[in-house]
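Chemist: Below is the file data_33.pdb, which contains PDB, C-alpha atoms.
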ATOM      1  CA  MET V   1     207.504 166.448 229.767
ATOM      2  CA  VAL V   2     203.965 165.280 228.883
ATOM      3  CA  MET V   3     204.536 162.172 231.027
ATOM      4  CA  LYS V   4     205.420 164.358 233.976
ATOM      5  CA  LEU V   5     202.271 166.460 233.550
ATOM      6  CA  ALA V   6     200.103 163.331 233.434
ATOM      7  CA  ARG V   7     201.892 162.026 236.478
ATOM      8  CA  ASP V   8     201.340 165.301 238.334
ATOM      9  CA  GLY V   9     197.641 165.045 237.536
ATOM     10  CA  GLU V  10     197.564 161.521 238.923
ATOM     11  CA  ASP V  11     199.270 162.674 242.107
ATOM     12  CA  ASP V  12     196.722 165.475 242.401
ATOM     13  CA  LYS V  13     193.899 162.921 242.228
ATOM     14  CA  LEU V  14     195.544 160.788 244.923
ATOM     15  CA  ALA V  15     195.902 163.884 247.101
ATOM     16  CA  GLU V  16     192.229 164.871 246.903
ATOM     17  CA  PRO V  17     190.756 165.234 250.394
ATOM     18  CA  ILE V  18     188.325 162.565 251.544
ATOM     19  CA  THR V  19     185.395 164.264 253.207
ATOM     20  CA  PHE V  20     181.808 163.548 254.172
ATOM     21  CA  SER V  21     179.005 166.066 254.428
ATOM     22  CA  VAL V  22     175.364 166.233 255.439
ATOM     23  CA  ILE V  23     174.300 165.412 251.865
ATOM     24  CA  ASP V  24     176.056 162.031 252.221
ATOM     25  CA  VAL V  25     173.812 160.963 255.103
ATOM     26  CA  PRO V  26     171.330 158.279 253.993
ATOM     27  CA  MET V  27     167.801 159.644 253.878
ATOM     28  CA  ASN V  28     165.999 156.324 253.432
ATOM     29  CA  GLY V  29     164.977 155.948 257.061
ATOM     30  CA  GLN V  30     168.138 154.045 257.884
ATOM     31  CA  ALA V  31     169.330 154.245 261.453
ATOM     32  CA  HIS V  32     172.707 155.918 261.479
ATOM     33  CA  GLY V  33     173.984 153.444 264.055
ATOM     34  CA  ASP V  34     173.842 150.545 261.592
ATOM     35  CA  PRO V  35     177.139 148.827 260.862
ATOM     36  CA  LEU V  36     178.782 149.536 257.516
ATOM     37  CA  VAL V  37     178.169 146.421 255.395
ATOM     38  CA  ILE V  38     179.384 146.446 251.787
ATOM     39  CA  THR V  39     179.715 144.139 248.789
ATOM     40  CA  LEU V  40     183.012 143.506 246.987
ATOM     41  CA  LEU V  41     184.564 140.759 244.912
ATOM     42  CA  ILE V  42     186.940 138.450 246.724
ATOM     43  CA  GLU V  43     188.686 136.422 244.088
ATOM     44  CA  LYS V  44     185.704 136.088 241.723
ATOM     45  CA  LEU V  45     182.956 135.649 244.298
ATOM     46  CA  GLY V  46     180.618 138.545 245.036
ATOM     47  CA  VAL V  47     180.740 138.767 248.825
ATOM     48  CA  LYS V  48     177.680 140.689 250.013
ATOM     49  CA  ARG V  49     178.100 140.851 253.776
ATOM     50  CA  ILE V  50     181.479 142.463 254.420
ATOM     51  CA  LEU V  51     181.540 144.252 257.753
ATOM     52  CA  VAL V  52     183.875 147.249 257.551
ATOM     53  CA  GLU V  53     185.099 147.466 261.128
ATOM     54  CA  SER V  54     187.824 149.987 261.910
ATOM     55  CA  VAL V  55     188.302 148.606 265.442
ATOM     56  CA  SER V  56     189.251 145.136 264.158
ATOM     57  CA  SER V  57     193.018 144.609 263.976
ATOM     58  CA  VAL V  58     192.754 141.782 261.417
ATOM     59  CA  GLU V  59     190.845 140.796 258.298
ATOM     60  CA  VAL V  60     188.639 137.783 258.909
ATOM     61  CA  LEU V  61     187.237 135.404 256.318
ATOM     62  CA  PHE V  62     184.666 133.037 257.752
ATOM     63  CA  TYR V  63     185.183 129.407 256.822
ATOM     64  CA  ASP V  64     181.700 129.035 255.281
ATOM     65  CA  THR V  65     182.563 131.801 252.810
ATOM     66  CA  PHE V  66     185.982 130.255 252.171
ATOM     67  CA  LYS V  67     184.306 126.945 251.250
ATOM     68  CA  ARG V  68     181.737 128.719 249.030
ATOM     69  CA  MET V  69     184.696 130.110 247.087
ATOM     70  CA  GLU V  70     185.559 126.470 246.377
ATOM     71  CA  LEU V  71     189.031 126.984 247.814
ATOM     72  CA  SER V  72     190.973 124.082 249.259
ATOM     73  CA  ASP V  73     192.230 123.945 252.828
ATOM     74  CA  ASP V  74     195.601 123.068 251.249
ATOM     75  CA  ILE V  75     196.168 126.740 250.386
ATOM     76  CA  LEU V  76     195.848 127.817 254.031
ATOM     77  CA  ILE V  77     199.094 128.822 255.678
ATOM     78  CA  PRO V  78     199.324 127.805 259.339
ATOM     79  CA  SER V  79     198.789 130.788 261.611
ATOM     80  CA  THR V  80     200.379 131.528 264.965
ATOM     81  CA  TYR V  81     197.987 134.450 265.450
ATOM     82  CA  ARG V  82     195.205 134.285 268.030
ATOM     83  CA  ILE V  83     192.023 136.318 267.592
ATOM     84  CA  TYR V  84     190.325 137.728 270.664
ATOM     85  CA  GLY V  85     186.693 138.735 270.729
ATOM     86  CA  PHE V  86     184.739 135.939 269.045
ATOM     87  CA  ASN V  87     182.551 133.985 271.401
ATOM     88  CA  GLU V  88     184.252 135.838 274.292
ATOM     89  CA  THR V  89     187.207 133.450 273.960
ATOM     90  CA  VAL V  90     190.441 133.125 272.039
ATOM     91  CA  THR V  91     189.876 131.846 268.494
ATOM     92  CA  VAL V  92     192.632 129.996 266.686
ATOM     93  CA  PRO V  93     192.357 130.542 262.921
ATOM     94  CA  LYS V  94     192.295 127.536 260.587
ATOM     95  CA  GLY V  95     195.018 129.399 258.721
ATOM     96  CA  GLU V  96     195.840 132.448 256.650
ATOM     97  CA  VAL V  97     195.191 133.063 252.982
ATOM     98  CA  THR V  98     195.981 135.964 250.654
ATOM     99  CA  LEU V  99     193.208 136.754 248.170
ATOM    100  CA  LYS V 100     192.424 139.422 245.599
ATOM    101  CA  VAL V 101     189.830 141.995 246.683
ATOM    102  CA  SER V 102     188.294 144.217 244.017
ATOM    103  CA  ASP V 103     185.267 146.331 243.282
ATOM    104  CA  GLY V 104     184.761 144.925 239.789
ATOM    105  CA  GLU V 105     185.103 148.425 238.301
ATOM    106  CA  GLY V 106     188.886 148.686 238.232
ATOM    107  CA  TYR V 107     189.144 151.213 241.075
ATOM    108  CA  LEU V 108     190.022 148.770 243.812
ATOM    109  CA  ASP V 109     192.330 145.823 243.209
ATOM    110  CA  THR V 110     194.411 144.691 246.150
ATOM    111  CA  LEU V 111     195.822 141.537 247.693
ATOM    112  CA  THR V 112     194.648 141.041 251.254
ATOM    113  CA  THR V 113     195.668 138.484 253.856
ATOM    114  CA  PHE V 114     192.706 137.023 255.731
ATOM    115  CA  TYR V 115     192.590 134.915 258.863
ATOM    116  CA  VAL V 116     190.161 132.085 258.175
ATOM    117  CA  VAL V 117     188.034 131.215 261.194
ATOM    118  CA  ASP V 118     185.462 128.461 261.579
ATOM    119  CA  PHE V 119     182.905 130.422 263.520
ATOM    120  CA  VAL V 120     179.214 131.120 262.953
ATOM    121  CA  SER V 121     178.657 134.744 261.989
ATOM    122  CA  PRO V 122     176.004 136.711 260.119
ATOM    123  CA  TYR V 123     178.877 138.309 258.184
ATOM    124  CA  GLU V 124     180.954 136.664 255.486
ATOM    125  CA  VAL V 125     184.061 138.796 255.970
ATOM    126  CA  ILE V 126     185.357 141.436 258.340
ATOM    127  CA  GLY V 127     187.495 144.118 256.725
ATOM    128  CA  GLY V 128     189.517 145.605 259.546
ATOM    129  CA  ARG V 129     191.820 148.526 260.196
ATOM    130  CA  PRO V 130     194.861 147.126 258.286
ATOM    131  CA  TRP V 131     192.806 146.649 255.105
ATOM    132  CA  ILE V 132     191.205 150.092 255.379
ATOM    133  CA  ALA V 133     194.674 151.606 255.857
ATOM    134  CA  SER V 134     196.139 149.612 252.951
ATOM    135  CA  ILE V 135     193.657 151.207 250.533
ATOM    136  CA  LYS V 136     194.097 154.590 252.287
ATOM    137  CA  GLY V 137     190.374 154.440 252.953
ATOM    138  CA  VAL V 138     188.077 156.295 255.290
ATOM    139  CA  ALA V 139     184.996 154.457 256.531
ATOM    140  CA  SER V 140     181.945 156.184 257.960
ATOM    141  CA  ALA V 141     179.163 154.041 259.396
ATOM    142  CA  TYR V 142     177.157 157.220 259.969
ATOM    143  CA  HIS V 143     177.324 158.094 256.261
ATOM    144  CA  GLN V 144     177.239 154.420 255.210
ATOM    145  CA  ARG V 145     180.222 154.879 252.913
ATOM    146  CA  LEU V 146     183.793 153.724 252.435
ATOM    147  CA  ARG V 147     185.857 156.186 250.415
ATOM    148  CA  PHE V 148     189.391 155.768 249.127
ATOM    149  CA  PRO V 149     191.725 157.628 246.737
ATOM    150  CA  THR V 150     192.542 156.372 243.244
ATOM    151  CA  TYR V 151     194.370 157.831 240.262
ATOM    152  CA  ARG V 152     190.919 158.739 238.944
ATOM    153  CA  GLY V 153     189.884 160.564 242.124
ATOM    154  CA  VAL V 154     188.087 159.580 245.316
ATOM    155  CA  VAL V 155     185.865 156.522 244.873
ATOM    156  CA  GLU V 156     183.219 155.277 247.267
ATOM    157  CA  VAL V 157     181.523 152.017 248.097
ATOM    158  CA  ILE V 158     178.065 152.584 249.555
ATOM    159  CA  GLY V 159     176.802 150.441 252.405
ATOM    160  CA  ASP V 160     173.870 148.075 252.054
ATOM    161  CA  PRO V 161     171.337 148.977 254.767
ATOM    162  CA  GLN V 162     169.202 145.886 254.160
ATOM    163  CA  ALA V 163     172.190 143.549 254.576
ATOM    164  CA  ALA V 164     173.285 145.482 257.692
ATOM    165  CA  ARG V 165     169.885 145.048 259.320
ATOM    166  CA  GLN V 166     169.680 141.363 258.390
ATOM    167  CA  CYS V 167     173.129 140.787 259.888
ATOM    168  CA  MET V 168     172.204 142.637 263.080
ATOM    169  CA  GLN V 169     169.008 140.581 263.440
ATOM    170  CA  LEU V 170     170.904 137.332 262.855
ATOM    171  CA  ASP V 171     173.552 138.399 265.362
ATOM    172  CA  ILE V 172     170.896 139.129 268.006
ATOM    173  CA  GLN V 173     169.197 135.791 267.288
ATOM    174  CA  GLN V 174     172.485 133.870 267.507
ATOM    175  CA  ASN V 175     173.361 135.584 270.797
ATOM    176  CA  GLU V 176     169.937 134.792 272.263
ATOM    177  CA  GLU V 177     170.282 131.144 271.207
ATOM    178  CA  LYS V 178     173.758 131.022 272.749
ATOM    179  CA  ARG V 179     172.506 132.497 276.044
ATOM    180  CA  SER V 180     169.595 130.051 276.035
ATOM    181  CA  ARG V 181     172.000 127.102 275.570
ATOM    182  CA  GLN V 182     174.223 128.418 278.355
ATOM    183  CA  ARG V 183     171.225 128.751 280.703
ATOM    184  CA  ARG V 184     170.119 125.185 279.896
ATOM    185  CA  GLN V 185     173.639 123.866 280.512
ATOM    186  CA  LYS V 186     173.897 125.788 283.780
ATOM    187  CA  ASN V 187     170.501 124.472 284.959
ATOM    188  CA  LYS V 188     171.461 120.933 283.966
ATOM    189  CA  SER V 189     174.727 121.247 285.901
ATOM    190  CA  LYS V 190     172.799 122.477 288.951
ATOM    191  CA  GLU V 191     170.384 119.525 288.676
ATOM    192  CA  ILE V 192     173.249 117.046 288.405
ATOM    193  CA  LYS V 193     175.021 118.663 291.352
ATOM    194  CA  ALA V 194     171.785 118.660 293.421
ATOM    195  CA  GLY V 195     171.254 114.962 292.603
ATOM    196  CA  GLU V 196     174.770 114.125 293.802
ATOM    197  CA  GLU V 197     174.325 115.809 297.190
ATOM    198  CA  PRO V 198     173.190 113.464 300.036
TER     199      PRO V 198
END
Write the structure described by the file as structure tokens, please.

Modeler:
Amino acid sequence: MVMKLARDGEDDKLAEPITFSVIDVPMNGQAHGDPLVITLLIEKLGVKRILVESVSSVEVLFYDTFKRMELSDDILIPSTYRIYGFNETVTVPKGEVTLKVSDGEGYLDTLTTFYVVDFVSPYEVIGGRPWIASIKGVASAYHQRLRFPTYRGVVEVIGDPQAARQCMQLDIQQNEEKRSRQRRQKNKSKEIKAGEEP
């Protein structure tokens, strides 16, 4: 009977509503349009630039981060999946890998399958809709929080506004460099074509 009461209490904690209020809004001058960027442990590496992106249909681990984890390409499982959206083209992952994601506090401990892509990004990982759903989480970029239920109650991971801004600046810089390269290539093609005309 005592076991059942403890179990009921655990179920009550898992059933707690996940809500956000005006007191959860960051008051440190942060723009509320910043992306939600958090830090978690993936395997044993503290990954500081995880973009929580509820519109992404997959979890992405960038190859640079994968190599920093000192993981071998041998553990990658070949992937038939194609990712749309990077570089405005179809990206073929180097493979898939399932890794442990945790918060280091014992509240979050889950196995997550990532698609490993060799692509330059200001982020280290993208945690998408399937991962958010797997932890029964609710993400709010406006409140800069990810909340999820546990047997101890609702737990939150707070976004890192400094990392979010750095990532946005890097993303803008990378896009400007890409456009500049494309303009140079286009001009060079025009020059070559003009030189070939009689």

Chemist: Write out as a PyMOL selection string the residues lying within 12 Å of V:Asp64, counting all atoms listed in the file and excluding same-chain residues fewer than 3 positions away.

Modeler: chain V and resi 47+60-61+67-71+73+94+116-125

Chemist: Could you list the residues chosen by the PyMOL selection byres ((chain V and resi 44) around 9) in this structure as a PDB file with C-alpha atoms, in the coordinates of the input?

Modeler:
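Here's the written file selection.pdb:
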ATOM      1  CA  LEU V  41     184.564 140.759 244.912  1.00  0.00           C
ATOM      2  CA  ILE V  42     186.940 138.450 246.724  1.00  0.00           C
ATOM      3  CA  GLU V  43     188.686 136.422 244.088  1.00  0.00           C
ATOM      4  CA  LEU V  45     182.956 135.649 244.298  1.00  0.00           C
ATOM      5  CA  GLY V  46     180.618 138.545 245.036  1.00  0.00           C
ATOM      6  CA  MET V  69     184.696 130.110 247.087  1.00  0.00           C
ATOM      7  CA  LYS V 100     192.424 139.422 245.599  1.00  0.00           C
ATOM      8  CA  VAL V 101     189.830 141.995 246.683  1.00  0.00           C
ATOM      9  CA  SER V 102     188.294 144.217 244.017  1.00  0.00           C
TER      10      SER V 102
END

Chemist: Taking the file as I've supplied it (selection: the PyMOL selection byres ((chain V and resi 155) around 10)), which residues are included? Please answer as a count of residues only.

Modeler: 17

Chemist: Convert the output of the PyMOL selection byres ((chain V and resi 54) around 10) on the shown file into explicit residues, formatted as JSON, numbers by chain.

Modeler: {"V": [51, 52, 53, 55, 56, 57, 58, 126, 127, 128, 129, 130, 131, 132, 133, 138, 139, 140, 141]}

Chemist: Could those residues be written to a file, using C-alpha atoms, as a PDB file, in the frame of the given file?

Modeler:
ATOM      1  CA  LEU V  51     181.540 144.252 257.753  1.00  0.00           C
ATOM      2  CA  VAL V  52     183.875 147.249 257.551  1.00  0.00           C
ATOM      3  CA  GLU V  53     185.099 147.466 261.128  1.00  0.00           C
ATOM      4  CA  VAL V  55     188.302 148.606 265.442  1.00  0.00           C
ATOM      5  CA  SER V  56     189.251 145.136 264.158  1.00  0.00           C
ATOM      6  CA  SER V  57     193.018 144.609 263.976  1.00  0.00           C
ATOM      7  CA  VAL V  58     192.754 141.782 261.417  1.00  0.00           C
ATOM      8  CA  ILE V 126     185.357 141.436 258.340  1.00  0.00           C
ATOM      9  CA  GLY V 127     187.495 144.118 256.725  1.00  0.00           C
ATOM     10  CA  GLY V 128     189.517 145.605 259.546  1.00  0.00           C
ATOM     11  CA  ARG V 129     191.820 148.526 260.196  1.00  0.00           C
ATOM     12  CA  PRO V 130     194.861 147.126 258.286  1.00  0.00           C
ATOM     13  CA  TRP V 131     192.806 146.649 255.105  1.00  0.00           C
ATOM     14  CA  ILE V 132     191.205 150.092 255.379  1.00  0.00           C
ATOM     15  CA  ALA V 133     194.674 151.606 255.857  1.00  0.00           C
ATOM     16  CA  VAL V 138     188.077 156.295 255.290  1.00  0.00           C
ATOM     17  CA  ALA V 139     184.996 154.457 256.531  1.00  0.00           C
ATOM     18  CA  SER V 140     181.945 156.184 257.960  1.00  0.00           C
ATOM     19  CA  ALA V 141     179.163 154.041 259.396  1.00  0.00           C
TER      20      ALA V 141
END

Chemist: Could you state the separation of atom CA of V:Tyr63 and atom CA of V:Leu40 in Å, given to one decimal place?

Modeler: 17.3 Å

Chemist: Please compute the atom CA of V:Gly95-atom CA of V:Thr80 distance, one decimal, in Å.

Modeler: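 Result for atom CA of V:Gly95 versus atom CA of V:Thr80: 8.5 Å, one decimal.
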
Chemist: Complete the atom set of stretch 136-152 of chain V to N, CA and C atoms and return it as a PDB file, in the coordinates of the input.

Modeler:
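Done, and the output landed in result_10.pdb:
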ATOM      1  N   LYS V 136     194.133 153.175 251.894  1.00  0.00           N
ATOM      2  CA  LYS V 136     194.097 154.590 252.287  1.00  0.00           C
ATOM      3  C   LYS V 136     192.654 155.073 252.412  1.00  0.00           C
ATOM      4  N   GLY V 137     191.804 154.169 252.896  1.00  0.00           N
ATOM      5  CA  GLY V 137     190.374 154.440 252.953  1.00  0.00           C
ATOM      6  C   GLY V 137     189.929 155.129 254.224  1.00  0.00           C
ATOM      7  N   VAL V 138     188.752 155.701 254.135  1.00  0.00           N
ATOM      8  CA  VAL V 138     188.077 156.295 255.290  1.00  0.00           C
ATOM      9  C   VAL V 138     186.666 155.720 255.299  1.00  0.00           C
ATOM     10  N   ALA V 139     186.316 155.075 256.409  1.00  0.00           N
ATOM     11  CA  ALA V 139     184.996 154.457 256.531  1.00  0.00           C
ATOM     12  C   ALA V 139     184.145 155.289 257.474  1.00  0.00           C
ATOM     13  N   SER V 140     182.887 155.475 257.098  1.00  0.00           N
ATOM     14  CA  SER V 140     181.945 156.184 257.960  1.00  0.00           C
ATOM     15  C   SER V 140     180.653 155.387 258.036  1.00  0.00           C
ATOM     16  N   ALA V 141     180.422 154.764 259.203  1.00  0.00           N
ATOM     17  CA  ALA V 141     179.163 154.041 259.396  1.00  0.00           C
ATOM     18  C   ALA V 141     177.993 155.027 259.389  1.00  0.00           C
ATOM     19  N   TYR V 142     178.215 156.210 259.926  1.00  0.00           N
ATOM     20  CA  TYR V 142     177.157 157.220 259.969  1.00  0.00           C
ATOM     21  C   TYR V 142     176.693 157.582 258.559  1.00  0.00           C
ATOM     22  N   HIS V 143     177.647 157.743 257.646  1.00  0.00           N
ATOM     23  CA  HIS V 143     177.324 158.094 256.261  1.00  0.00           C
ATOM     24  C   HIS V 143     177.105 156.864 255.386  1.00  0.00           C
ATOM     25  N   GLN V 144     177.391 155.679 255.935  1.00  0.00           N
ATOM     26  CA  GLN V 144     177.239 154.420 255.210  1.00  0.00           C
ATOM     27  C   GLN V 144     178.056 154.408 253.919  1.00  0.00           C
ATOM     28  N   ARG V 145     179.338 154.807 254.070  1.00  0.00           N
ATOM     29  CA  ARG V 145     180.222 154.879 252.913  1.00  0.00           C
ATOM     30  C   ARG V 145     181.659 154.540 253.308  1.00  0.00           C
ATOM     31  N   LEU V 146     182.346 153.911 252.361  1.00  0.00           N
ATOM     32  CA  LEU V 146     183.793 153.724 252.435  1.00  0.00           C
ATOM     33  C   LEU V 146     184.359 154.476 251.246  1.00  0.00           C
ATOM     34  N   ARG V 147     185.246 155.413 251.505  1.00  0.00           N
ATOM     35  CA  ARG V 147     185.857 156.186 250.415  1.00  0.00           C
ATOM     36  C   ARG V 147     187.363 155.977 250.446  1.00  0.00           C
ATOM     37  N   PHE V 148     187.951 155.958 249.236  1.00  0.00           N
ATOM     38  CA  PHE V 148     189.391 155.768 249.127  1.00  0.00           C
ATOM     39  C   PHE V 148     189.898 156.472 247.872  1.00  0.00           C
ATOM     40  N   PRO V 149     191.174 156.916 247.889  1.00  0.00           N
ATOM     41  CA  PRO V 149     191.725 157.628 246.737  1.00  0.00           C
ATOM     42  C   PRO V 149     192.167 156.664 245.635  1.00  0.00           C
ATOM     43  N   THR V 150     192.018 157.106 244.399  1.00  0.00           N
ATOM     44  CA  THR V 150     192.542 156.372 243.244  1.00  0.00           C
ATOM     45  C   THR V 150     193.147 157.403 242.294  1.00  0.00           C
ATOM     46  N   TYR V 151     193.813 156.916 241.258  1.00  0.00           N
ATOM     47  CA  TYR V 151     194.370 157.831 240.262  1.00  0.00           C
ATOM     48  C   TYR V 151     193.273 158.548 239.483  1.00  0.00           C
ATOM     49  N   ARG V 152     192.042 158.084 239.621  1.00  0.00           N
ATOM     50  CA  ARG V 152     190.919 158.739 238.944  1.00  0.00           C
ATOM     51  C   ARG V 152     190.136 159.650 239.887  1.00  0.00           C
TER      52      ARG V 152
END
